[in-house]
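Read through the structure below, which is laid out as structure tokens, and then see the notes.
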Amino acid sequence: MRPDLYRRLEQRSRRYGFGKVLFAHENEAMSCHYGADSITGRQRLIVDMPGEYLRVNCPFCTDTRHRLWINYQWGLYDPKIGTLNLWLAICFNETACMDKPGKPEELYRIVYNDVTNRRQVRAGDTVNKGIKVDKAAICHFRPAGNVLYPLHVLPPHHRALAYLRSRGYDPNQLSLEHGVSYCADASAEFPKAFDRIIVPIVMRGELVGWQGRYIGEPPKGVMKYYNMPGMQKIKYLYNFDVASKYPFVVLTEGVTKVWRIGPEAVAQFGSTLAGFQAHLIDATWPTVVVYLDGNAHEQAEQAYCSLRAMPNRVKILLPPGQEPGDFSQEYNRALILNEARKQGVTLRMDGAEI
Ligand SMILES: [Zn+2]
């Protein structure tokens with residue numbers, strides 16, 4: 001009943017010793033109601049019949065008999081009470097194994113927040129193609145929250161999903177292809193990340209930062225985008241790893257514009273292209289399409305100029321007030337091909353050549 005959970009437990013089985021994933025009460029639904037907790041007085045989920053459990057070896061004790069029972073409703077956001085119901089994972093091996101403080105959250109992190117457990121890159125490490133990591137380029141990645149959950153496990157009516165859909169995005173695709181998640185519990189370091197849509201920023205396979213989008217239009221004084229403090233934006237391009245597999249790159253301002261254009265697009269995080277980013281583009285692709293917002297003609301000209309060493313350059317200047325996010329992906333792609341052709345540059349997109 002939770003293919004995502006089953007798959008993740010299987011994937012992490014070797015590393016955490018989960019063993020084979022077994023079932024109890026397979027395909028049975030939970031029967032439950034909501035009531036006040038007798039101690040805290042707060043609303044909580046009261047289970048009458050628990051329904052399906054996934055059974056694995058507990059990673060926190062010596063269990064080898066699949067005595068960690070994880071209910072299929074575990075780790076799903078429950079909007080009525082605003083929690084993930086992490087208490088629905090129980091270890092029957094040791095008394096109170098999962099009752100110890102922090103254990104339920106640790107299990108969630110093991111299962112879902114794999115990216116936050118990744119080892120950080122250190123100076124001198126060799127990444128792809130033998131490029132040594134420069135000390136100055138290292139960003140000390142810190143996760144946005146203690147509980148980040150992928151968009152595709154949220155209940156369908158969750159407001160983060162409703163917001164993205166209203167803007168014309170497919171939340172499942174953003175979750176599965178771009179690792180976009182929702183921050184249900186911010187870390188103590190970054191309380192402002194709470195209740196935001198979190199977009200991970202990856203460079204050369206390493207997580208280097210994140211950007212948190214406010215859901216909806218923020219009130220006055222609240223940032224629309226909250227970047228991981230300390231992230232050196234000027235050293236990165238959003239979607240670099242994916243776009244670098246294509247023969248040309250489309251340079252845009254922000255992450256949502258990348259989603260609107262396609263896999264060949266990168267974002268420079270703002271209207272200005274930094275020198276380091278220009279160098280990165282020049283060193284990676286032979287062809288660039290500068291496609292910034294209509295209000296940034298001057299910055300687009302500057303970017304175009306700073307990329308003058310590249311064999312092929314295209315610039316698209318939208319009328320002021322317009323930006324790539326206003327259009328469908330189909331429209332943007334047709335516009336890019338058309339403008340490139342007019343400027344004497346041949347692009348190959350989805351196998352098509354114009
Ligand atoms: Zn245990």
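Residue numbers start at 1 in each chain; chains themselves are named A, B, ... in the order of the structure tokens; ligands are numbered from 1 in the order shown.
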
To check your reading of the model: which residues sit at most 10 Å from ligand 1 when counting only C-alpha atoms and all ligand atoms? Write the answer as an mmCIF file with C-alpha atoms, in the first residue's frame.
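That gives us pocket22.cif:
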```
data_model
loop_
_atom_site.group_PDB
_atom_site.id
_atom_site.type_symbol
_atom_site.label_atom_id
_atom_site.label_comp_id
_atom_site.auth_asym_id
_atom_site.auth_seq_id
_atom_site.Cartn_x
_atom_site.Cartn_y
_atom_site.Cartn_z
ATOM 1 C CA ASN A 57 15.021 -5.656 11.068
ATOM 2 C CA CYS A 58 15.317 -2.757 13.497
ATOM 3 C CA PRO A 59 18.454 -0.693 12.762
ATOM 4 C CA PHE A 60 18.640 0.537 16.364
ATOM 5 C CA CYS A 61 18.935 -2.736 18.264
ATOM 6 C CA THR A 62 20.135 -6.302 17.723
ATOM 7 C CA ASP A 63 16.923 -7.436 16.059
ATOM 8 C CA THR A 64 17.277 -9.930 13.205
ATOM 9 C CA HIS A 66 11.932 -8.276 11.380
ATOM 10 C CA ARG A 67 10.550 -6.894 14.602
ATOM 11 C CA LEU A 68 10.444 -3.262 13.518
ATOM 12 C CA TRP A 69 6.891 -2.795 12.319
ATOM 13 C CA ILE A 90 7.219 0.186 16.620
ATOM 14 C CA CYS A 91 10.098 -2.090 17.598
ATOM 15 C CA PHE A 92 8.917 -5.276 19.316
ATOM 16 C CA ASN A 93 12.432 -6.491 20.018
ATOM 17 C CA GLU A 94 13.542 -4.264 22.845
ATOM 18 C CA THR A 95 11.171 -2.572 25.162
ATOM 19 C CA ALA A 96 10.795 1.055 24.182
ATOM 20 C CA CYS A 97 13.472 0.916 21.468
ATOM 21 C CA MET A 98 11.534 3.394 19.330
ATOM 22 C CA ASP A 99 10.315 5.361 22.364
ATOM 23 C CA LYS A 103 14.558 7.630 17.304
#
```

### Message
I want to know what sits within 10 Å of Gly216 of chain A, based on only C-alpha atoms, with residues of the same chain fewer than 3 positions away left out; could you give that as a PyMOL selection string?
### Response
chain A and resi 159-160+162-164+166-167+196+213+219+224

### Query
Residues of segment 194-333 of chain A in alpha helix (DSSP H) according to DSSP, as a ChimeraX atom specification?
/A:240-243,255-261,275-284,297-306,329-333

### Task
Name the residues in contact with Ile281 of chain A at a cut-off of 9 Å, using only C-alpha atoms, excluding same-chain residues fewer than 6 positions from it; report them as an MDAnalysis selection string.
chainID A and resid 237 249 287:288 307 310

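Closest approach to Arg142 of chain A among A:Ile110, A:Leu161, A:Ala193, A:Leu337: A:Ala193, based on only C-alpha atoms.
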
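Of the residues listed (A:Glu298, A:Asp241, A:Glu105, A:Glu206), A:Glu105 shows the shortest atom-to-atom separation from Val147 of chain A; distances use only C-alpha atoms.
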
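Comparing A:Ile201, A:Ser175, A:Lys220, A:Trp285 by their smallest distance to Leu154 of chain A, the closest is A:Ser175 (using only C-alpha atoms).
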
### Task
Would you list, as an MDAnalysis selection string, the residues of segment 98-256 of chain A that end up in strand (DSSP E or B) under DSSP run on this structure's backbone?
chainID A and resid 126 132 145:150 181:186 197:203 206:213 225:227 238 248:252

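Proximity ranking of A:Asn146, A:Thr256, A:Asn85, A:Asn27 relative to Ser328 of chain A places A:Thr256 first, based on only C-alpha atoms.
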
### Message
Neighbouring residues of Phe23 of chain A were defined as those with any atom within 9 Å, considering only C-alpha atoms; residues of the same chain fewer than 4 positions away were excluded. Please report them as a PyMOL selection string.
### Response
chain A and resi 27+52-56+69

What would the file look like if the residues just selected were written as an mmCIF file, in the first residue's frame with all heavy atoms?
```
data_model
loop_
_atom_site.group_PDB
_atom_site.id
_atom_site.type_symbol
_atom_site.label_atom_id
_atom_site.label_comp_id
_atom_site.auth_asym_id
_atom_site.auth_seq_id
_atom_site.Cartn_x
_atom_site.Cartn_y
_atom_site.Cartn_z
ATOM 1 N N ASN A 27 -2.348 -5.359 2.683
ATOM 2 C CA ASN A 27 -3.472 -4.729 1.978
ATOM 3 C C ASN A 27 -4.667 -4.367 2.854
ATOM 4 O O ASN A 27 -5.713 -3.993 2.349
ATOM 5 C CB ASN A 27 -3.956 -5.599 0.807
ATOM 6 C CG ASN A 27 -2.914 -5.653 -0.294
ATOM 7 O OD1 ASN A 27 -2.232 -4.671 -0.547
ATOM 8 N ND2 ASN A 27 -2.770 -6.812 -0.917
ATOM 9 N N GLU A 52 -2.155 -2.439 7.348
ATOM 10 C CA GLU A 52 -0.889 -3.003 6.859
ATOM 11 C C GLU A 52 0.360 -2.435 7.551
ATOM 12 O O GLU A 52 0.448 -1.241 7.815
ATOM 13 C CB GLU A 52 -0.767 -2.748 5.341
ATOM 14 C CG GLU A 52 0.474 -3.358 4.738
ATOM 15 C CD GLU A 52 0.556 -3.135 3.228
ATOM 16 O OE1 GLU A 52 -0.149 -3.859 2.493
ATOM 17 O OE2 GLU A 52 1.307 -2.259 2.793
ATOM 18 N N TYR A 53 1.287 -3.349 7.834
ATOM 19 C CA TYR A 53 2.610 -2.965 8.329
ATOM 20 C C TYR A 53 3.682 -3.515 7.394
ATOM 21 O O TYR A 53 3.526 -4.598 6.831
ATOM 22 C CB TYR A 53 2.887 -3.588 9.705
ATOM 23 C CG TYR A 53 2.280 -2.860 10.875
ATOM 24 C CD1 TYR A 53 1.100 -3.318 11.460
ATOM 25 C CD2 TYR A 53 2.910 -1.751 11.434
ATOM 26 C CE1 TYR A 53 0.542 -2.677 12.552
ATOM 27 C CE2 TYR A 53 2.354 -1.104 12.535
ATOM 28 C CZ TYR A 53 1.173 -1.561 13.085
ATOM 29 O OH TYR A 53 0.643 -0.928 14.164
ATOM 30 N N LEU A 54 4.784 -2.764 7.259
ATOM 31 C CA LEU A 54 5.977 -3.292 6.595
ATOM 32 C C LEU A 54 6.931 -3.676 7.712
ATOM 33 O O LEU A 54 7.167 -2.883 8.625
ATOM 34 C CB LEU A 54 6.603 -2.232 5.682
ATOM 35 C CG LEU A 54 5.753 -1.900 4.445
ATOM 36 C CD1 LEU A 54 4.811 -0.756 4.717
ATOM 37 C CD2 LEU A 54 6.633 -1.582 3.266
ATOM 38 N N ARG A 55 7.477 -4.900 7.657
ATOM 39 C CA ARG A 55 8.310 -5.392 8.751
ATOM 40 C C ARG A 55 9.757 -5.537 8.290
ATOM 41 O O ARG A 55 10.043 -6.205 7.304
ATOM 42 C CB ARG A 55 7.791 -6.751 9.221
ATOM 43 C CG ARG A 55 6.417 -6.699 9.860
ATOM 44 C CD ARG A 55 5.996 -8.103 10.288
ATOM 45 N NE ARG A 55 7.057 -8.764 11.040
ATOM 46 C CZ ARG A 55 7.140 -10.077 11.219
ATOM 47 N NH1 ARG A 55 6.243 -10.884 10.676
ATOM 48 N NH2 ARG A 55 8.128 -10.596 11.919
ATOM 49 N N VAL A 56 10.657 -4.910 9.057
ATOM 50 C CA VAL A 56 12.087 -5.024 8.741
ATOM 51 C C VAL A 56 12.872 -5.250 10.033
ATOM 52 O O VAL A 56 12.327 -5.101 11.130
ATOM 53 C CB VAL A 56 12.621 -3.744 8.041
ATOM 54 C CG1 VAL A 56 12.011 -3.564 6.669
ATOM 55 C CG2 VAL A 56 12.383 -2.506 8.908
ATOM 56 N N TRP A 69 8.120 -2.842 13.101
ATOM 57 C CA TRP A 69 6.891 -2.795 12.319
ATOM 58 C C TRP A 69 6.598 -1.339 11.951
ATOM 59 O O TRP A 69 6.431 -0.505 12.829
ATOM 60 C CB TRP A 69 5.705 -3.364 13.124
ATOM 61 C CG TRP A 69 5.757 -4.858 13.336
ATOM 62 C CD1 TRP A 69 6.845 -5.601 13.664
ATOM 63 C CD2 TRP A 69 4.648 -5.758 13.238
ATOM 64 N NE1 TRP A 69 6.496 -6.931 13.771
ATOM 65 C CE2 TRP A 69 5.149 -7.053 13.515
ATOM 66 C CE3 TRP A 69 3.283 -5.589 12.945
ATOM 67 C CZ2 TRP A 69 4.331 -8.184 13.504
ATOM 68 C CZ3 TRP A 69 2.468 -6.720 12.950
ATOM 69 C CH2 TRP A 69 3.004 -8.011 13.218
#
```

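Counting only C-alpha atoms, Gln173 of chain A has the following residues at most 12 Å away, ignoring those fewer than 2 positions along the same chain: A:Pro150, A:Leu151, A:His152, A:Leu161, A:Leu164, A:Arg165, A:Gly168, A:Tyr169, A:Asp170, A:Pro171, A:Ser175, A:Leu176, A:Glu177, A:His178, A:Gly179, A:Val180, A:Ser181, A:Trp259.
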
Residue selection dump (C-alpha atoms) as a PDB file, in the first residue's frame:
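And here is the file that came out, selection_10.pdb:
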```pdb
ATOM      1  CA  PRO A 150       9.238  14.477  -0.959  1.00  0.00           C
ATOM      2  CA  LEU A 151       6.253  16.092  -2.681  1.00  0.00           C
ATOM      3  CA  HIS A 152       5.059  12.784  -4.081  1.00  0.00           C
ATOM      4  CA  LEU A 161       0.843  20.710  -4.156  1.00  0.00           C
ATOM      5  CA  LEU A 164       2.399  24.266  -7.551  1.00  0.00           C
ATOM      6  CA  ARG A 165      -0.464  22.897  -9.626  1.00  0.00           C
ATOM      7  CA  GLY A 168       1.065  24.855 -13.863  1.00  0.00           C
ATOM      8  CA  TYR A 169       3.731  22.535 -12.435  1.00  0.00           C
ATOM      9  CA  ASP A 170       3.458  18.796 -11.909  1.00  0.00           C
ATOM     10  CA  PRO A 171       4.467  18.193  -8.261  1.00  0.00           C
ATOM     11  CA  SER A 175       9.647  15.569  -6.665  1.00  0.00           C
ATOM     12  CA  LEU A 176      10.959  12.650  -8.702  1.00  0.00           C
ATOM     13  CA  GLU A 177      13.097  14.553 -11.207  1.00  0.00           C
ATOM     14  CA  HIS A 178      14.254  17.547  -9.177  1.00  0.00           C
ATOM     15  CA  GLY A 179      14.089  16.250  -5.585  1.00  0.00           C
ATOM     16  CA  VAL A 180      11.721  19.021  -4.509  1.00  0.00           C
ATOM     17  CA  SER A 181      10.318  18.541  -1.003  1.00  0.00           C
ATOM     18  CA  TRP A 259      11.342  23.847 -14.864  1.00  0.00           C
TER      19      TRP A 259
END
```

### Message
Quick one: residues within 10 Å of Leu318 of chain A, only C-alpha atoms, excluding same-chain residues fewer than 4 positions away - as a ChimeraX atom specification?
### Response
/A:291-297,322-324

Save the residues we just selected, N, CA and C atoms, as an mmCIF file, in the first residue's frame?
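Here's the written file selection_2.cif:
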```cif
data_model
loop_
_atom_site.group_PDB
_atom_site.id
_atom_site.type_symbol
_atom_site.label_atom_id
_atom_site.label_comp_id
_atom_site.auth_asym_id
_atom_site.auth_seq_id
_atom_site.Cartn_x
_atom_site.Cartn_y
_atom_site.Cartn_z
ATOM 1 N N TYR A 291 18.453 33.890 -21.779
ATOM 2 C CA TYR A 291 16.993 34.056 -21.779
ATOM 3 C C TYR A 291 16.548 34.522 -20.392
ATOM 4 N N LEU A 292 16.787 35.802 -20.120
ATOM 5 C CA LEU A 292 16.441 36.353 -18.805
ATOM 6 C C LEU A 292 15.055 37.006 -18.844
ATOM 7 N N ASP A 293 14.638 37.551 -17.720
ATOM 8 C CA ASP A 293 13.329 38.211 -17.641
ATOM 9 C C ASP A 293 13.319 39.471 -18.506
ATOM 10 N N GLY A 294 12.132 39.863 -18.932
ATOM 11 C CA GLY A 294 11.988 41.043 -19.780
ATOM 12 C C GLY A 294 12.453 42.339 -19.112
ATOM 13 N N ASN A 295 12.490 42.342 -17.771
ATOM 14 C CA ASN A 295 12.913 43.558 -17.071
ATOM 15 C C ASN A 295 14.421 43.652 -16.925
ATOM 16 N N ALA A 296 15.143 42.697 -17.461
ATOM 17 C CA ALA A 296 16.587 42.656 -17.226
ATOM 18 C C ALA A 296 17.365 42.711 -18.538
ATOM 19 N N HIS A 297 16.971 43.599 -19.440
ATOM 20 C CA HIS A 297 17.669 43.703 -20.728
ATOM 21 C C HIS A 297 19.142 44.045 -20.553
ATOM 22 N N GLN A 322 7.418 40.747 -19.042
ATOM 23 C CA GLN A 322 7.253 39.316 -19.324
ATOM 24 C C GLN A 322 8.478 38.537 -18.854
ATOM 25 N N GLU A 323 8.283 37.269 -18.557
ATOM 26 C CA GLU A 323 9.420 36.421 -18.183
ATOM 27 C C GLU A 323 9.120 34.980 -18.596
ATOM 28 N N PRO A 324 10.169 34.130 -18.712
ATOM 29 C CA PRO A 324 9.960 32.765 -19.220
ATOM 30 C C PRO A 324 8.928 31.975 -18.426
#
```

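Taking atom CA of Thr272 of chain A and atom CA of Ile234 of chain A as endpoints, the distance between them is 9.3 Å.
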
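The two atoms in question, atom CA of His158 of chain A and atom CA of Glu28 of chain A, are spaced 24.2 Å apart.
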